[in-house]
Amino acid sequence: MKKESRNLLSKRKIIEYLNNKRKNKYIKDKNIFIYDKLDSTNNKAKEYLQKKINKSSEIKIILAEKQKKGRGRRGNNWVSYNQKGLWASFLFDLDMPREKIPQITVIGALTVQKTLKKYNIDSQIKWPNDVLVNGKKISGILTEMVITDKKAVPSIIMGIGLNINQNYFAENISKTATSMYKLKGTFFDKNEVFCELYLNFAEFLDQYISGSRKKIIDSWKKELKIIGKQLELKYESKVFKVWVLDILDNGELYCKLENGQIKIFPTAGTSLNFTSYKSR
Ligand code: BTN
């Protein structure tokens, strides 16, 4: 069992672990940035972009032991003020048309799911991009696209939060959140989990860039398990009961309402009631 007290992020351990796996063609020492405390790793990544620290096309990784203002989707905050989880942002450029990029975020959820599988944890992706185990959230992904004035190629910041060694959660989230520790009753080495996450991420990104985008999006759609199901969702503060007919290539939900009308729900601003279809 891993002693949690000594489990801090370490560049040396990360490089060592990857070298042992003979897979270190992916990551270079100079591209890993580890902080003790940050507002948000996504914010730091934006700062790097402004300061033009990401000159090369290589992936940069920003990690923090703690985040004071971790950000989630839809303006939510992401509880990450202790060092028990993995708070990571991947910063990279994507030389492809912007309208194709919103779906890049699906590689985040697939990456987390594959990483958890390595630790014998079966998870489910909740549309669009949360990762749940037994109905509780273990990971969230916040992907942001930044277009700097002079540059035609957009930069992507993919922030991944993964609950690893939390043995308890604050009351307001204790019913909806879980961690690897809670599921397995043992502490995990964050450096090792990060390496596994990184290797999976690099693999999915490679596939995405080299033209297997459709395959990746299809496997994400399949994992969601909502096509053909009736479920409840909230959009612009209204609750809708819908049948999901399809998921469009940009991630939007193509649905039939109770009155027979067809309506498309965007990823931004729509939230699914997970229990409304999981129980069936
Ligand atoms: C969500 O579920 O709403 C997304 C949560 C994303 C959290 C991660 S933690 C690392 C990165 N930095 C942030 O401020 N947010 C993301």
# chains A, B, ... in the order shown; residues from 1 in each chain; ligands from 1
$ select_by_dssp --residues "stretch 50-131 of chain A" --states "strand (DSSP E)" --output "ChimeraX atom specification"
/A:60-67,86-93,124-126,130-131
$ write_last_selection --atoms "N, CA, C and O atoms" --output "PDB file, in the first residue's frame"
ATOM      1  N   LYS A  60       2.752  20.578 -23.166  1.00  0.00           N
ATOM      2  CA  LYS A  60       3.247  21.021 -21.851  1.00  0.00           C
ATOM      3  C   LYS A  60       2.248  20.549 -20.801  1.00  0.00           C
ATOM      4  O   LYS A  60       1.047  20.529 -21.048  1.00  0.00           O
ATOM      5  N   ILE A  61       2.776  20.207 -19.632  1.00  0.00           N
ATOM      6  CA  ILE A  61       1.878  19.761 -18.564  1.00  0.00           C
ATOM      7  C   ILE A  61       2.079  20.622 -17.329  1.00  0.00           C
ATOM      8  O   ILE A  61       3.202  20.826 -16.871  1.00  0.00           O
ATOM      9  N   ILE A  62       0.979  21.135 -16.840  1.00  0.00           N
ATOM     10  CA  ILE A  62       1.040  21.938 -15.617  1.00  0.00           C
ATOM     11  C   ILE A  62       0.307  21.172 -14.526  1.00  0.00           C
ATOM     12  O   ILE A  62      -0.868  20.823 -14.682  1.00  0.00           O
ATOM     13  N   LEU A  63       1.027  20.901 -13.448  1.00  0.00           N
ATOM     14  CA  LEU A  63       0.448  20.136 -12.342  1.00  0.00           C
ATOM     15  C   LEU A  63       0.526  20.968 -11.069  1.00  0.00           C
ATOM     16  O   LEU A  63       1.474  21.725 -10.877  1.00  0.00           O
ATOM     17  N   ALA A  64      -0.465  20.810 -10.216  1.00  0.00           N
ATOM     18  CA  ALA A  64      -0.404  21.514  -8.926  1.00  0.00           C
ATOM     19  C   ALA A  64      -0.832  20.554  -7.830  1.00  0.00           C
ATOM     20  O   ALA A  64      -1.743  19.744  -8.019  1.00  0.00           O
ATOM     21  N   GLU A  65      -0.163  20.665  -6.683  1.00  0.00           N
ATOM     22  CA  GLU A  65      -0.595  19.853  -5.532  1.00  0.00           C
ATOM     23  C   GLU A  65      -1.965  20.309  -5.059  1.00  0.00           C
ATOM     24  O   GLU A  65      -2.797  19.500  -4.684  1.00  0.00           O
ATOM     25  N   LYS A  66      -2.142  21.646  -5.057  1.00  0.00           N
ATOM     26  CA  LYS A  66      -3.419  22.200  -4.585  1.00  0.00           C
ATOM     27  C   LYS A  66      -3.858  23.322  -5.517  1.00  0.00           C
ATOM     28  O   LYS A  66      -3.019  24.071  -6.025  1.00  0.00           O
ATOM     29  N   GLN A  67      -5.153  23.446  -5.683  1.00  0.00           N
ATOM     30  CA  GLN A  67      -5.682  24.600  -6.423  1.00  0.00           C
ATOM     31  C   GLN A  67      -6.574  25.406  -5.471  1.00  0.00           C
ATOM     32  O   GLN A  67      -7.427  24.841  -4.784  1.00  0.00           O
ATOM     33  N   LEU A  86      -5.362  14.607  -8.407  1.00  0.00           N
ATOM     34  CA  LEU A  86      -4.465  15.004  -9.483  1.00  0.00           C
ATOM     35  C   LEU A  86      -5.118  16.172 -10.211  1.00  0.00           C
ATOM     36  O   LEU A  86      -6.228  16.034 -10.735  1.00  0.00           O
ATOM     37  N   TRP A  87      -4.422  17.302 -10.218  1.00  0.00           N
ATOM     38  CA  TRP A  87      -4.963  18.488 -10.875  1.00  0.00           C
ATOM     39  C   TRP A  87      -3.980  18.843 -11.990  1.00  0.00           C
ATOM     40  O   TRP A  87      -2.878  19.314 -11.731  1.00  0.00           O
ATOM     41  N   ALA A  88      -4.395  18.584 -13.210  1.00  0.00           N
ATOM     42  CA  ALA A  88      -3.444  18.666 -14.327  1.00  0.00           C
ATOM     43  C   ALA A  88      -4.036  19.410 -15.515  1.00  0.00           C
ATOM     44  O   ALA A  88      -5.216  19.248 -15.832  1.00  0.00           O
ATOM     45  N   SER A  89      -3.193  20.193 -16.181  1.00  0.00           N
ATOM     46  CA  SER A  89      -3.617  20.794 -17.454  1.00  0.00           C
ATOM     47  C   SER A  89      -2.622  20.436 -18.540  1.00  0.00           C
ATOM     48  O   SER A  89      -1.411  20.548 -18.346  1.00  0.00           O
ATOM     49  N   PHE A  90      -3.155  19.995 -19.654  1.00  0.00           N
ATOM     50  CA  PHE A  90      -2.342  19.675 -20.827  1.00  0.00           C
ATOM     51  C   PHE A  90      -2.492  20.836 -21.798  1.00  0.00           C
ATOM     52  O   PHE A  90      -3.608  21.200 -22.158  1.00  0.00           O
ATOM     53  N   LEU A  91      -1.368  21.383 -22.217  1.00  0.00           N
ATOM     54  CA  LEU A  91      -1.390  22.541 -23.120  1.00  0.00           C
ATOM     55  C   LEU A  91      -0.730  22.150 -24.441  1.00  0.00           C
ATOM     56  O   LEU A  91       0.403  21.682 -24.464  1.00  0.00           O
ATOM     57  N   PHE A  92      -1.472  22.322 -25.530  1.00  0.00           N
ATOM     58  CA  PHE A  92      -0.909  21.929 -26.830  1.00  0.00           C
ATOM     59  C   PHE A  92      -1.607  22.686 -27.956  1.00  0.00           C
ATOM     60  O   PHE A  92      -2.699  23.218 -27.779  1.00  0.00           O
ATOM     61  N   ASP A  93      -0.950  22.715 -29.099  1.00  0.00           N
ATOM     62  CA  ASP A  93      -1.529  23.355 -30.289  1.00  0.00           C
ATOM     63  C   ASP A  93      -2.163  22.303 -31.187  1.00  0.00           C
ATOM     64  O   ASP A  93      -1.697  21.177 -31.240  1.00  0.00           O
ATOM     65  N   GLN A 124     -18.010   5.172 -15.958  1.00  0.00           N
ATOM     66  CA  GLN A 124     -18.981   5.489 -17.011  1.00  0.00           C
ATOM     67  C   GLN A 124     -18.827   6.970 -17.368  1.00  0.00           C
ATOM     68  O   GLN A 124     -18.680   7.809 -16.467  1.00  0.00           O
ATOM     69  N   ILE A 125     -18.847   7.250 -18.664  1.00  0.00           N
ATOM     70  CA  ILE A 125     -18.770   8.662 -19.063  1.00  0.00           C
ATOM     71  C   ILE A 125     -20.179   9.223 -19.094  1.00  0.00           C
ATOM     72  O   ILE A 125     -21.076   8.650 -19.703  1.00  0.00           O
ATOM     73  N   LYS A 126     -20.351  10.352 -18.419  1.00  0.00           N
ATOM     74  CA  LYS A 126     -21.654  11.015 -18.426  1.00  0.00           C
ATOM     75  C   LYS A 126     -21.575  12.193 -19.393  1.00  0.00           C
ATOM     76  O   LYS A 126     -20.672  13.022 -19.264  1.00  0.00           O
ATOM     77  N   ASP A 130     -18.111  14.014 -18.054  1.00  0.00           N
ATOM     78  CA  ASP A 130     -17.782  13.698 -16.659  1.00  0.00           C
ATOM     79  C   ASP A 130     -17.492  12.208 -16.577  1.00  0.00           C
ATOM     80  O   ASP A 130     -18.030  11.425 -17.350  1.00  0.00           O
ATOM     81  N   VAL A 131     -16.680  11.840 -15.609  1.00  0.00           N
ATOM     82  CA  VAL A 131     -16.436  10.401 -15.427  1.00  0.00           C
ATOM     83  C   VAL A 131     -16.953  10.006 -14.046  1.00  0.00           C
ATOM     84  O   VAL A 131     -16.599  10.620 -13.031  1.00  0.00           O
TER      85      VAL A 131
END
$ residues_near_ligand --ligand "ligand 1" --cutoff "7 Å" --atoms "only C-alpha atoms and all ligand atoms" --output "number ranges by chain"
A: 40-43, 69-74, 76, 78, 87-89, 130, 139-142, 159-161
$ select_by_dssp --residues "stretch 42-278 of chain A" --states "helix (DSSP H, G or I)" --output "number ranges by chain"
A: 42-50, 73-75, 98-118, 180-184, 190-209, 213-224, 275-278
$ residues_around --residues "A:Gly228" --least-positions-apart "4" --cutoff "7 Å" --atoms "only C-alpha atoms" --output "PyMOL selection string"
chain A and resi 243-245
$ write_last_selection --atoms "all heavy atoms" --output "PDB file, in the first residue's frame"
ATOM      1  N   TRP A 243     -36.238  12.045 -25.514  1.00  0.00           N
ATOM      2  CA  TRP A 243     -35.641  10.825 -26.046  1.00  0.00           C
ATOM      3  C   TRP A 243     -34.403  11.272 -26.812  1.00  0.00           C
ATOM      4  O   TRP A 243     -34.493  12.166 -27.663  1.00  0.00           O
ATOM      5  CB  TRP A 243     -36.578  10.117 -27.018  1.00  0.00           C
ATOM      6  CG  TRP A 243     -37.575   9.255 -26.346  1.00  0.00           C
ATOM      7  CD1 TRP A 243     -37.427   7.937 -25.998  1.00  0.00           C
ATOM      8  CD2 TRP A 243     -38.903   9.632 -25.950  1.00  0.00           C
ATOM      9  NE1 TRP A 243     -38.580   7.474 -25.396  1.00  0.00           N
ATOM     10  CE2 TRP A 243     -39.495   8.490 -25.351  1.00  0.00           C
ATOM     11  CE3 TRP A 243     -39.648  10.818 -26.014  1.00  0.00           C
ATOM     12  CZ2 TRP A 243     -40.791   8.500 -24.839  1.00  0.00           C
ATOM     13  CZ3 TRP A 243     -40.933  10.834 -25.504  1.00  0.00           C
ATOM     14  CH2 TRP A 243     -41.487   9.682 -24.923  1.00  0.00           C
ATOM     15  N   VAL A 244     -33.276  10.680 -26.529  1.00  0.00           N
ATOM     16  CA  VAL A 244     -32.070  11.044 -27.275  1.00  0.00           C
ATOM     17  C   VAL A 244     -32.043  10.227 -28.562  1.00  0.00           C
ATOM     18  O   VAL A 244     -31.944   9.003 -28.527  1.00  0.00           O
ATOM     19  CB  VAL A 244     -30.792  10.778 -26.442  1.00  0.00           C
ATOM     20  CG1 VAL A 244     -29.556  11.196 -27.225  1.00  0.00           C
ATOM     21  CG2 VAL A 244     -30.857  11.495 -25.108  1.00  0.00           C
ATOM     22  N   LEU A 245     -32.169  10.919 -29.673  1.00  0.00           N
ATOM     23  CA  LEU A 245     -32.177  10.211 -30.955  1.00  0.00           C
ATOM     24  C   LEU A 245     -30.760  10.014 -31.471  1.00  0.00           C
ATOM     25  O   LEU A 245     -30.449   9.003 -32.081  1.00  0.00           O
ATOM     26  CB  LEU A 245     -32.999  10.990 -31.986  1.00  0.00           C
ATOM     27  CG  LEU A 245     -34.470  11.272 -31.608  1.00  0.00           C
ATOM     28  CD1 LEU A 245     -35.165  12.026 -32.728  1.00  0.00           C
ATOM     29  CD2 LEU A 245     -35.207   9.965 -31.322  1.00  0.00           C
TER      30      LEU A 245
END
$ atom_distance --atom1 "atom CA of A:Leu110" --atom2 "atom CA of A:Lys68"
26.7 Å
$ atom_distance --atom1 "atom CA of A:Leu248" --atom2 "atom CA of A:Asn134"
26.6 Å
$ atom_distance --atom1 "atom CA of A:Phe188" --atom2 "atom CA of A:Lys37"
20.5 Å
$ residues_around --residues "A:Ser237" --least-positions-apart "3" --cutoff "10 Å" --atoms "only C-alpha atoms" --output "ChimeraX atom specification"
/A:233-234,240,269-271
$ residues_around --residues "A:Ile101" --least-positions-apart "6" --cutoff "12 Å" --atoms "only C-alpha atoms" --output "ChimeraX atom specification"
/A:93-95,107,143-146,153-158,205,208-209,213,217,249-251
$ decode --residues "stretch 187-200 of chain A" --atoms "N, CA, C and O atoms" --output "compact mmCIF listing (two decimals), in the first residue's frame"
# COMPACT_ATOMS: atom_id res chain seq x y z
N PHE A 187 -4.31 3.71 -0.85
CA PHE A 187 -3.80 4.94 -1.45
C PHE A 187 -3.03 4.63 -2.73
O PHE A 187 -2.45 3.56 -2.87
N PHE A 188 -3.03 5.57 -3.64
CA PHE A 188 -2.35 5.38 -4.92
C PHE A 188 -1.24 6.42 -5.06
O PHE A 188 -1.35 7.53 -4.52
N ASP A 189 -0.21 6.05 -5.81
CA ASP A 189 0.89 6.98 -6.06
C ASP A 189 0.48 7.93 -7.19
O ASP A 189 0.30 7.53 -8.34
N LYS A 190 0.37 9.20 -6.82
CA LYS A 190 -0.10 10.19 -7.81
C LYS A 190 0.83 10.27 -9.02
O LYS A 190 0.39 10.51 -10.13
N ASN A 191 2.14 10.09 -8.78
CA ASN A 191 3.08 10.17 -9.91
C ASN A 191 2.81 9.06 -10.92
O ASN A 191 2.82 9.29 -12.12
N GLU A 192 2.55 7.88 -10.37
CA GLU A 192 2.29 6.75 -11.25
C GLU A 192 0.96 6.93 -11.99
O GLU A 192 0.87 6.71 -13.20
N VAL A 193 -0.06 7.37 -11.24
CA VAL A 193 -1.37 7.57 -11.89
C VAL A 193 -1.25 8.64 -12.98
O VAL A 193 -1.77 8.49 -14.08
N PHE A 194 -0.47 9.68 -12.66
CA PHE A 194 -0.29 10.73 -13.68
C PHE A 194 0.36 10.14 -14.94
O PHE A 194 -0.06 10.44 -16.06
N CYS A 195 1.40 9.33 -14.76
CA CYS A 195 2.11 8.75 -15.92
C CYS A 195 1.16 7.91 -16.77
O CYS A 195 1.17 8.01 -18.00
N GLU A 196 0.37 7.10 -16.12
CA GLU A 196 -0.59 6.27 -16.86
C GLU A 196 -1.57 7.17 -17.62
O GLU A 196 -1.90 6.94 -18.77
N LEU A 197 -2.03 8.20 -16.93
CA LEU A 197 -2.96 9.16 -17.55
C LEU A 197 -2.30 9.81 -18.76
O LEU A 197 -2.88 9.93 -19.84
N TYR A 198 -1.06 10.21 -18.57
CA TYR A 198 -0.35 10.91 -19.64
C TYR A 198 -0.15 10.01 -20.86
O TYR A 198 -0.35 10.44 -22.00
N LEU A 199 0.24 8.77 -20.60
CA LEU A 199 0.46 7.85 -21.73
C LEU A 199 -0.83 7.62 -22.51
O LEU A 199 -0.83 7.60 -23.74
N ASN A 200 -1.93 7.47 -21.80
CA ASN A 200 -3.21 7.28 -22.48
C ASN A 200 -3.61 8.53 -23.25
O ASN A 200 -4.09 8.46 -24.38
